[in-house]
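Source file: start03.cif; contents: mmCIF, C-alpha atoms.
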data_upload
loop_
_atom_site.label_atom_id
_atom_site.label_comp_id
_atom_site.auth_asym_id
_atom_site.auth_seq_id
_atom_site.Cartn_x
_atom_site.Cartn_y
_atom_site.Cartn_z
CA MET R 1 17.29 -4.10 0.43
CA PHE R 2 19.44 -1.30 -0.91
CA LYS R 3 22.97 -2.70 -1.08
CA SER R 4 24.95 0.33 -2.26
CA SER R 5 24.75 2.12 1.07
CA GLU R 6 23.67 1.01 4.52
CA ALA R 7 22.90 4.61 5.47
CA VAL R 8 20.48 4.98 2.56
CA GLU R 9 18.86 1.64 3.42
CA LYS R 10 18.43 2.80 7.00
CA LEU R 11 16.86 6.08 5.89
CA ILE R 12 14.45 4.20 3.60
CA THR R 13 13.44 1.92 6.50
CA ASN R 14 12.89 4.93 8.76
CA LEU R 15 10.91 6.90 6.18
CA SER R 16 8.68 3.94 5.35
CA ARG R 17 7.50 3.90 8.99
CA LEU R 18 5.69 7.19 8.34
CA PRO R 19 1.95 6.92 7.65
CA GLY R 20 1.04 6.65 3.96
CA ILE R 21 4.66 6.19 2.89
CA GLY R 22 5.57 2.78 1.49
CA ARG R 23 9.02 1.49 0.60
CA LYS R 24 8.90 2.87 -2.96
CA THR R 25 7.96 6.39 -1.89
CA ALA R 26 10.52 6.19 0.92
CA GLY R 27 13.16 5.30 -1.69
CA ARG R 28 12.19 8.28 -3.83
CA LEU R 29 12.36 10.60 -0.82
CA ALA R 30 15.74 9.18 0.26
CA PHE R 31 17.19 9.77 -3.22
CA HIS R 32 15.74 13.26 -3.25
CA LEU R 33 17.47 13.96 0.07
CA LEU R 34 20.72 12.61 -1.34
CA LYS R 35 20.52 15.15 -4.16
CA VAL R 36 19.47 18.30 -2.31
CA PRO R 37 22.09 20.66 -0.82
CA LYS R 38 23.42 19.40 2.51
CA GLU R 39 21.94 22.37 4.42
CA GLU R 40 18.42 21.58 3.23
CA ALA R 41 18.61 17.97 4.47
CA LEU R 42 20.18 19.00 7.77
CA GLU R 43 17.46 21.64 8.24
CA LEU R 44 14.84 18.90 7.93
CA ALA R 45 16.71 16.69 10.41
CA ALA R 46 16.98 19.61 12.84
CA ALA R 47 13.27 20.42 12.45
CA ILE R 48 12.39 16.82 13.37
CA THR R 49 14.68 16.92 16.41
CA ASP R 50 13.26 20.33 17.39
CA ILE R 51 9.63 19.25 17.64
CA LYS R 52 10.62 16.48 20.03
CA GLU R 53 12.73 18.84 22.14
CA LYS R 54 10.58 21.98 22.14
CA VAL R 55 6.96 20.99 21.67
CA GLY R 56 4.82 19.90 24.59
CA PHE R 57 1.18 20.25 25.59
CA CYS R 58 -0.74 23.09 27.18
CA SER R 59 -1.63 22.06 30.73
CA ILE R 60 -5.01 23.78 30.43
CA CYS R 61 -6.40 22.80 27.01
CA ASN R 62 -4.01 20.00 25.92
CA ASN R 63 -3.20 21.85 22.67
CA ILE R 64 0.32 21.25 21.40
CA SER R 65 2.44 24.20 22.40
CA GLU R 66 5.97 25.40 23.02
CA SER R 67 4.81 27.49 25.97
CA ASP R 68 2.51 26.64 28.86
CA PRO R 69 -0.22 27.85 28.79
CA CYS R 70 -0.55 27.93 24.98
CA TYR R 71 -1.04 31.13 22.98
CA ILE R 72 -4.83 30.71 23.10
CA CYS R 73 -5.20 30.07 26.84
CA ALA R 74 -2.72 32.88 27.54
CA ASN R 75 -4.60 35.40 25.37
CA PRO R 76 -6.57 37.81 27.62
CA ASP R 77 -8.77 38.91 24.67
CA ARG R 78 -10.35 35.48 24.35
CA LYS R 79 -13.81 34.94 25.79
CA THR R 80 -13.53 32.47 28.68
CA ASP R 81 -17.22 31.58 28.82
CA THR R 82 -17.14 29.20 25.85
CA ILE R 83 -15.03 26.06 25.36
CA CYS R 84 -14.87 24.37 21.98
CA VAL R 85 -14.01 20.66 22.31
CA VAL R 86 -12.00 19.09 19.45
CA GLU R 87 -10.38 15.70 18.86
CA GLU R 88 -6.86 16.77 17.89
CA ALA R 89 -4.63 19.85 17.81
CA VAL R 90 -4.95 19.91 13.99
CA ASP R 91 -8.69 20.40 14.37
CA LEU R 92 -8.06 23.32 16.71
CA ALA R 93 -5.74 24.80 14.08
CA ALA R 94 -8.42 24.42 11.38
CA LEU R 95 -11.09 26.08 13.54
CA ASP R 96 -8.73 28.86 14.53
CA ARG R 97 -7.84 29.58 10.88
CA ALA R 98 -11.54 30.03 10.12
CA GLU R 99 -13.06 33.17 11.54
CA GLY R 100 -16.02 33.38 13.87
CA TYR R 101 -14.85 31.93 17.17
CA ASN R 102 -13.04 33.78 19.90
CA GLY R 103 -13.47 31.45 22.86
CA LEU R 104 -11.25 28.76 24.36
CA TYR R 105 -10.57 25.21 23.20
CA HIS R 106 -10.12 21.78 24.71
CA VAL R 107 -8.20 19.06 22.85
CA LEU R 108 -9.38 15.54 23.73
CA GLY R 109 -6.40 13.83 22.11
CA GLY R 110 -8.57 11.43 20.08
CA ARG R 111 -12.09 10.08 19.90
CA ILE R 112 -13.93 7.18 21.54
CA SER R 113 -13.32 4.20 19.29
CA PRO R 114 -13.90 0.76 20.83
CA LEU R 115 -12.50 -0.94 17.69
CA ASP R 116 -9.15 0.77 18.29
CA GLY R 117 -9.38 0.12 22.03
CA ILE R 118 -9.84 3.82 22.83
CA GLY R 119 -12.33 4.47 25.62
CA PRO R 120 -13.36 7.68 27.44
CA ASP R 121 -10.57 7.23 29.98
CA ASP R 122 -7.94 7.52 27.23
CA LEU R 123 -9.15 11.03 26.36
CA LYS R 124 -8.75 14.28 28.30
CA ILE R 125 -12.37 14.22 29.45
CA LYS R 126 -11.65 14.39 33.19
CA GLU R 127 -9.49 17.44 32.46
CA LEU R 128 -12.37 19.04 30.56
CA LEU R 129 -14.79 18.51 33.46
CA ALA R 130 -12.21 19.92 35.89
CA ARG R 131 -11.97 23.13 33.82
CA ILE R 132 -15.67 23.84 33.93
CA ASP R 133 -16.51 26.45 36.52
CA SER R 134 -19.32 28.96 36.96
CA LYS R 135 -17.85 31.23 34.26
CA VAL R 136 -18.33 28.65 31.51
CA LYS R 137 -21.68 29.18 29.79
CA GLU R 138 -21.39 26.96 26.69
CA ILE R 139 -19.49 23.90 25.49
CA ILE R 140 -19.34 23.55 21.70
CA ILE R 141 -18.60 19.96 20.68
CA ALA R 142 -16.60 20.03 17.45
CA THR R 143 -15.51 16.41 17.15
CA ASN R 144 -15.43 15.14 13.55
CA PRO R 145 -18.79 14.42 11.88
CA ASN R 146 -18.11 10.68 11.45
CA VAL R 147 -19.23 7.62 13.44
CA GLU R 148 -16.59 7.87 16.18
CA GLY R 149 -16.80 11.66 16.37
CA GLU R 150 -20.60 11.54 16.75
CA ALA R 151 -20.35 8.84 19.43
CA THR R 152 -17.83 10.95 21.33
CA ALA R 153 -20.08 14.01 21.02
CA LEU R 154 -23.05 12.04 22.38
CA TYR R 155 -20.99 10.73 25.29
CA LEU R 156 -19.81 14.24 26.18
CA ALA R 157 -23.30 15.70 25.87
CA ARG R 158 -24.63 13.12 28.34
CA LEU R 159 -21.89 14.06 30.81
CA LEU R 160 -22.34 17.82 30.39
CA LYS R 161 -26.10 18.25 30.23
CA PRO R 162 -26.65 17.32 33.94
CA LEU R 163 -24.20 20.09 34.87
CA GLY R 164 -26.69 22.61 33.46
CA ILE R 165 -24.30 23.98 30.85
CA ARG R 166 -25.51 24.75 27.33
CA THR R 167 -23.98 22.03 25.15
CA THR R 168 -24.01 22.53 21.37
CA ARG R 169 -22.76 20.59 18.36
CA ILE R 170 -21.32 22.21 15.22
CA ALA R 171 -23.74 22.05 12.26
CA ARG R 172 -23.57 19.21 9.75
CA GLY R 173 -24.74 20.22 6.28
CA LEU R 174 -23.60 20.94 2.76
CA PRO R 175 -20.07 22.35 2.46
CA VAL R 176 -19.98 25.87 1.03
CA GLY R 177 -19.29 25.77 -2.71
CA SER R 178 -20.46 22.16 -3.13
CA ASP R 179 -23.22 20.72 -5.35
CA LEU R 180 -26.44 19.19 -3.98
CA GLU R 181 -26.23 16.75 -6.90
CA TYR R 182 -23.04 15.14 -5.61
CA ALA R 183 -23.75 15.29 -1.86
CA ASP R 184 -24.31 12.01 0.00
CA GLY R 185 -27.69 11.17 1.52
CA MET R 186 -26.58 11.47 5.13
CA THR R 187 -25.23 14.98 4.59
CA ILE R 188 -28.43 16.07 2.81
CA SER R 189 -30.56 14.62 5.65
CA ARG R 190 -28.51 16.54 8.21
CA ALA R 191 -28.72 19.71 6.11
CA LEU R 192 -32.54 19.41 6.05
CA GLU R 193 -32.75 18.68 9.78
CA GLY R 194 -30.59 21.68 10.58
CA ARG R 195 -32.49 24.10 8.30
CA GLN R 196 -32.93 27.66 9.53
CA GLU R 197 -35.24 30.63 8.78
CA ILE R 198 -33.83 32.99 6.16
CA MET T 1 0.36 28.86 9.09
CA PHE T 2 0.34 26.68 12.19
CA LYS T 3 0.22 29.11 15.11
CA SER T 4 0.40 26.75 18.10
CA SER T 5 4.09 25.98 17.62
CA GLU T 6 6.78 27.56 15.48
CA ALA T 7 8.77 24.30 15.55
CA VAL T 8 5.84 22.35 14.09
CA GLU T 9 5.28 25.04 11.44
CA LYS T 10 8.97 24.84 10.50
CA LEU T 11 8.81 21.05 10.24
CA ILE T 12 5.71 21.26 8.03
CA THR T 13 7.47 23.76 5.75
CA ASN T 14 10.53 21.51 5.55
CA LEU T 15 8.53 18.35 4.88
CA SER T 16 6.44 20.01 2.18
CA ARG T 17 9.64 20.66 0.19
CA LEU T 18 9.91 16.90 -0.41
CA PRO T 19 8.65 15.67 -3.80
CA GLY T 20 5.01 14.57 -3.83
CA ILE T 21 4.36 15.94 -0.33
CA GLY T 22 2.01 18.91 -0.10
CA ARG T 23 1.23 21.01 2.96
CA LYS T 24 -1.61 18.74 4.10
CA THR T 25 0.45 15.56 3.95
CA ALA T 26 3.34 17.40 5.60
CA GLY T 27 0.99 18.37 8.42
CA ARG T 28 -0.13 14.78 8.87
CA LEU T 29 3.49 13.59 8.96
CA ALA T 30 4.47 16.30 11.45
CA PHE T 31 1.63 15.32 13.79
CA HIS T 32 2.60 11.68 13.44
CA LEU T 33 6.17 12.56 14.43
CA LEU T 34 4.84 14.50 17.43
CA LYS T 35 3.07 11.37 18.62
CA VAL T 36 5.73 8.69 18.07
CA PRO T 37 8.28 7.89 20.79
CA LYS T 38 11.13 10.39 20.87
CA GLU T 39 13.72 7.75 19.87
CA GLU T 40 11.85 6.93 16.67
CA ALA T 41 11.79 10.59 15.55
CA LEU T 42 15.43 11.11 16.50
CA GLU T 43 16.39 7.95 14.59
CA LEU T 44 14.79 9.42 11.46
CA ALA T 45 16.60 12.74 11.98
CA ALA T 46 19.90 10.88 12.46
CA ALA T 47 19.31 8.79 9.33
CA ILE T 48 18.81 11.96 7.29
CA THR T 49 21.98 13.49 8.70
CA ASP T 50 23.87 10.24 8.11
CA ILE T 51 23.23 10.03 4.38
CA LYS T 52 24.65 13.53 3.94
CA GLU T 53 27.71 12.72 6.07
CA LYS T 54 28.48 9.18 4.92
CA VAL T 55 27.21 8.71 1.39
CA GLY T 56 29.26 9.78 -1.61
CA PHE T 57 29.80 8.55 -5.14
CA CYS T 58 31.97 5.79 -6.57
CA SER T 59 34.79 7.42 -8.54
CA ILE T 60 34.61 4.66 -11.16
CA CYS T 61 30.91 4.10 -11.89
CA ASN T 62 29.27 7.12 -10.15
CA ASN T 63 27.02 4.79 -8.09
CA ILE T 64 26.12 6.16 -4.66
CA SER T 65 28.38 4.51 -2.12
CA GLU T 66 29.85 4.80 1.34
CA SER T 67 33.15 3.35 0.10
CA ASP T 68 35.21 4.18 -2.99
CA PRO T 69 35.18 2.14 -5.20
CA CYS T 70 31.63 0.89 -4.55
CA TYR T 71 30.79 -2.72 -3.66
CA ILE T 72 30.22 -3.58 -7.31
CA CYS T 73 33.41 -2.07 -8.77
CA ALA T 74 35.39 -3.57 -5.86
CA ASN T 75 33.98 -7.10 -6.40
CA PRO T 76 36.60 -9.29 -8.16
CA ASP T 77 33.92 -11.84 -9.16
CA ARG T 78 32.22 -9.37 -11.49
CA LYS T 79 32.87 -9.64 -15.21
CA THR T 80 34.72 -6.52 -16.33
CA ASP T 81 34.02 -6.91 -20.04
CA THR T 82 30.45 -5.57 -19.87
CA ILE T 83 29.22 -2.20 -18.63
CA CYS T 84 25.52 -1.56 -18.11
CA VAL T 85 24.66 2.15 -18.39
CA VAL T 86 21.78 3.44 -16.24
CA GLU T 87 20.31 6.85 -15.50
CA GLU T 88 20.29 6.80 -11.70
CA ALA T 89 21.60 4.76 -8.77
CA VAL T 90 18.03 3.53 -8.12
CA ASP T 91 18.01 1.95 -11.57
CA LEU T 92 21.27 0.18 -10.75
CA ALA T 93 19.69 -1.12 -7.55
CA ALA T 94 16.66 -2.43 -9.49
CA LEU T 95 18.86 -4.21 -12.06
CA ASP T 96 21.06 -5.63 -9.34
CA ARG T 97 18.06 -7.00 -7.43
CA ALA T 98 16.96 -8.85 -10.56
CA GLU T 99 19.14 -11.80 -11.48
CA GLY T 100 20.95 -12.34 -14.75
CA TYR T 101 23.68 -9.70 -14.86
CA ASN T 102 27.12 -9.98 -13.35
CA GLY T 103 29.01 -7.22 -15.11
CA LEU T 104 29.78 -3.62 -14.15
CA TYR T 105 27.57 -0.53 -14.19
CA HIS T 106 27.86 3.13 -15.06
CA VAL T 107 25.48 5.68 -13.55
CA LEU T 108 24.91 8.71 -15.82
CA GLY T 109 23.26 10.79 -13.11
CA GLY T 110 20.22 11.66 -15.26
CA ARG T 111 19.07 11.66 -18.86
CA ILE T 112 19.33 14.10 -21.74
CA SER T 113 16.31 16.35 -21.42
CA PRO T 114 16.45 19.67 -23.27
CA LEU T 115 13.17 20.79 -21.67
CA ASP T 116 14.79 20.56 -18.23
CA GLY T 117 18.00 22.11 -19.55
CA ILE T 118 19.96 18.87 -19.16
CA GLY T 119 22.41 18.23 -22.00
CA PRO T 120 25.03 15.51 -22.56
CA ASP T 121 27.66 17.56 -20.70
CA ASP T 122 25.59 17.41 -17.51
CA LEU T 123 25.82 13.60 -17.46
CA LYS T 124 28.79 11.35 -16.68
CA ILE T 125 29.31 10.50 -20.37
CA LYS T 126 32.95 11.64 -20.57
CA GLU T 127 33.64 9.41 -17.55
CA LEU T 128 32.00 6.48 -19.34
CA LEU T 129 34.14 6.95 -22.45
CA ALA T 130 37.25 7.24 -20.26
CA ARG T 131 36.48 3.84 -18.65
CA ILE T 132 36.29 1.98 -21.94
CA ASP T 133 39.50 0.10 -22.66
CA SER T 134 40.36 -2.97 -24.73
CA LYS T 135 38.87 -5.28 -22.07
CA VAL T 136 35.34 -3.90 -22.52
CA LYS T 137 33.41 -5.98 -25.07
CA GLU T 138 29.83 -4.75 -24.64
CA ILE T 139 27.93 -1.72 -23.41
CA ILE T 140 24.31 -2.40 -22.42
CA ILE T 141 22.25 0.77 -22.45
CA ALA T 142 19.57 0.48 -19.77
CA THR T 143 18.20 4.02 -19.67
CA ASN T 144 14.44 4.20 -19.03
CA PRO T 145 12.14 3.25 -21.94
CA ASN T 146 10.56 6.72 -22.20
CA VAL T 147 11.19 9.65 -24.57
CA GLU T 148 14.21 11.08 -22.73
CA GLY T 149 15.67 7.66 -21.95
CA GLU T 150 15.42 6.59 -25.59
CA ALA T 151 16.99 9.86 -26.76
CA THR T 152 19.85 9.35 -24.31
CA ALA T 153 20.27 5.75 -25.50
CA LEU T 154 20.43 6.89 -29.14
CA TYR T 155 22.98 9.59 -28.29
CA LEU T 156 25.19 7.09 -26.47
CA ALA T 157 24.87 4.50 -29.25
CA ARG T 158 26.09 7.08 -31.79
CA LEU T 159 29.10 7.85 -29.60
CA LEU T 160 29.96 4.22 -28.89
CA LYS T 161 29.40 2.53 -32.25
CA PRO T 162 32.43 4.21 -33.92
CA LEU T 163 34.62 2.79 -31.13
CA GLY T 164 33.81 -0.70 -32.43
CA ILE T 165 32.20 -1.88 -29.18
CA ARG T 166 29.06 -3.96 -29.23
CA THR T 167 26.30 -1.63 -28.01
CA THR T 168 22.98 -3.14 -26.97
CA ARG T 169 19.70 -1.83 -25.57
CA ILE T 170 17.55 -3.69 -23.02
CA ALA T 171 14.40 -5.17 -24.58
CA ARG T 172 11.14 -3.26 -24.55
CA GLY T 173 8.06 -5.51 -24.52
CA LEU T 174 5.22 -6.76 -22.40
CA PRO T 175 5.95 -6.93 -18.66
CA VAL T 176 5.86 -10.47 -17.25
CA GLY T 177 2.46 -11.18 -15.71
CA SER T 178 0.65 -8.45 -17.67
CA ASP T 179 -2.31 -8.69 -20.08
CA LEU T 180 -2.06 -8.02 -23.81
CA GLU T 181 -5.57 -6.58 -23.56
CA TYR T 182 -4.45 -3.69 -21.35
CA ALA T 183 -1.04 -3.03 -22.90
CA ASP T 184 -0.52 0.26 -24.76
CA GLY T 185 0.08 0.32 -28.52
CA MET T 186 3.73 1.42 -28.29
CA THR T 187 4.61 -1.45 -25.98
CA ILE T 188 2.87 -3.99 -28.22
CA SER T 189 4.68 -2.60 -31.30
CA ARG T 190 8.02 -2.93 -29.50
CA ALA T 191 7.13 -6.45 -28.34
CA LEU T 192 6.39 -7.46 -31.95
CA GLU T 193 9.58 -5.81 -33.27
CA GLY T 194 11.68 -7.59 -30.65
CA ARG T 195 10.12 -11.04 -31.19
CA GLN T 196 12.41 -14.03 -30.97
CA GLU T 197 12.38 -17.69 -32.15
CA ILE T 198 10.99 -20.09 -29.58
#

Same coordinates, now as structure tokens:
Amino acid sequence: MFKSSEAVEKLITNLSRLPGIGRKTAGRLAFHLLKVPKEEALELAAAITDIKEKVGFCSICNNISESDPCYICANPDRKTDTICVVEEAVDLAALDRAEGYNGLYHVLGGRISPLDGIGPDDLKIKELLARIDSKVKEIIIATNPNVEGEATALYLARLLKPLGIRTTRIARGLPVGSDLEYADGMTISRALEGRQEI
Amino acid sequence: MFKSSEAVEKLITNLSRLPGIGRKTAGRLAFHLLKVPKEEALELAAAITDIKEKVGFCSICNNISESDPCYICANPDRKTDTICVVEEAVDLAALDRAEGYNGLYHVLGGRISPLDGIGPDDLKIKELLARIDSKVKEIIIATNPNVEGEATALYLARLLKPLGIRTTRIARGLPVGSDLEYADGMTISRALEGRQEI
């Protein structure tokens, strides 16, 4: 309890609700905000308010967006025959920063995780199926390469295969710039499985 | 650059200005704020605005406060013959949470640190000297036990000693609950120097 000021105490309580921020870090942040110029703190407050007022979801791909459709779905230069399925909008952003893909995306809004009580119906899977028409030639499943991500990928593949659409999974292997010496066994196994002719 | 939403990009930029928060953490926080109920995000924004609108400094001790004088200086039950000098308002809060002190405080607003360009004139030292009258019997210097804190303590002691006021420094030694085995040499030396009869 910070007795000198109720407002500071309230800010600490609010900040410590953020993920990865405990009471001590929240205190440090609150004192930092006390010291910075007023405009800088108000800019942060306005930015927080803004995302709640302006940001919504694309009705086509479920990406976060200020416009509907989002800048990807609205882009006529994108190839509409491929849909890359990701868990979250951050994953879409990471893929879009990397080069090499010019198709569309679909954001599931999570991954199947029975331990967290998240089943297929909690994800935008129905919406994905509804998007698939005769133009779509390939679905790339780019869920994260961990237990839940792989389970989600498997689930989707089983749904999509009967529709006769090519369903692919992004490659698991050694990250570029890494050392074989320090790689874990699972990654090395996947890298061997996925080997290609050079 | 987060292309899906300018508002999210702006929030990430603003969050990554906070100490200890890089762009990746800022991104995670921004996405968390996108997901939480609107009220929770707006409460955080309001709390940030509030500290800049409501919180000021006590004109006597320089503690952060919503009232002037602060709750400590305004408390008639506090002993006015002792002033405990600290670097920051957080230090005051830590001392005040611990039991054993019922006197007044003085917040310097930092410590002497030539490397950061902070000299004695940048701290509330003049204000401390101005507060000292015939009622004050002891000044406890509770700056942090690191290089800059010790230098600041020494500087203050040299200023205060000629005034004939008892000037003390909080004890440096082994933290309660710690192990001698893992303590650093400097701390052990100080613990030996400050030994007392049992």

For chain R, the nearest of the candidates T:Leu42, T:Val36, T:Ile21, T:Ala94, counting only C-alpha atoms: T:Leu42

Find the nearest atom pair between each residue of chain T and chain R for residues within 7 Å, count all atoms listed in the file, give distances in Å to one decimal, sort rows by chain and ascending number, and present the table as CSV.
residue,atom,partner,partner_atom,distance
T:Phe2,CA,R:Ala93,CA,6.6
T:Ser4,CA,R:Ser65,CA,5.4
T:Ser5,CA,R:Ser65,CA,5.4
T:Ala7,CA,R:Ile51,CA,5.5
T:Val8,CA,R:Ile51,CA,6.0
T:Lys10,CA,R:Ala47,CA,6.5
T:Leu11,CA,R:Ala47,CA,5.0
T:Asn14,CA,R:Leu44,CA,5.6
T:Leu18,CA,R:Leu29,CA,6.8
T:Pro19,CA,R:Leu29,CA,7.0
T:Leu29,CA,R:Leu18,CA,6.8
T:Leu34,CA,R:Lys52,CA,6.6
T:Lys38,CA,R:Lys52,CA,6.2
T:Ala41,CA,R:Ile48,CA,6.6
T:Leu42,CA,R:Thr49,CA,5.9
T:Leu44,CA,R:Asn14,CA,5.6
T:Ala45,CA,R:Ala45,CA,4.3
T:Ala46,CA,R:Ala45,CA,6.9
T:Ala47,CA,R:Leu11,CA,5.0
T:Ile48,CA,R:Ala45,CA,6.0
T:Thr49,CA,R:Leu42,CA,5.9
T:Asp50,CA,R:Ala7,CA,6.3
T:Ile51,CA,R:Ala7,CA,5.5
T:Lys52,CA,R:Lys38,CA,6.2
T:Ile64,CA,R:Ser4,CA,6.4
T:Ser65,CA,R:Ser5,CA,5.4
T:Glu66,CA,R:Ser5,CA,5.8
T:Tyr71,CA,R:Ser4,CA,6.7
T:Ala93,CA,R:Phe2,CA,6.6

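The space separating atom CA of T:Cys84 from atom CA of T:Pro120 comes to 17.6 Å.
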
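One distance worth recording is that between atom CA of R:Lys24 and atom CA of T:Glu181, which is 26.9 Å.
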
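The gap separating atom CA of T:Asp91 from atom CA of T:Val107 is 8.6 Å, in Å to one decimal.
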
Nearest candidate to R:Lys126 (options R:Lys161, R:Arg190, R:Arg195, R:His106; using all atoms listed in the file): R:His106

Who sits within 9 Å of R:Asp122, all atoms listed in the file, same chain under 5 positions skipped, as a PDB file with C-alpha atoms, in the frame of the given file:
ATOM      1  CA  LEU R 108      -9.380  15.540  23.730  1.00  0.00           C
ATOM      2  CA  GLY R 109      -6.400  13.830  22.110  1.00  0.00           C
ATOM      3  CA  GLY R 110      -8.570  11.430  20.080  1.00  0.00           C
ATOM      4  CA  ARG R 111     -12.090  10.080  19.900  1.00  0.00           C
ATOM      5  CA  ILE R 112     -13.930   7.180  21.540  1.00  0.00           C
TER       6      ILE R 112
END

Ground truth for the PyMOL selection byres ((chain T and resi 164-179) around 7), written as a VMD selection string: chain T and resid 137 to 142 157 160 to 163 180 to 183 187 to 188 190 to 191

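For R:Ser113, the residues within 10 Å (counting only C-alpha atoms, excluding itself and residues fewer than 4 positions away along the chain) are Gly117, Ile118, Gly119, Pro120, Val147, Glu148, Gly149, Ala151 and Thr152 of chain R.
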
Shell of 7 Å around R:Arg78, only C-alpha atoms, local chain residues under 5 positions omitted, as a VMD selection string: chain R and resid 102 to 104
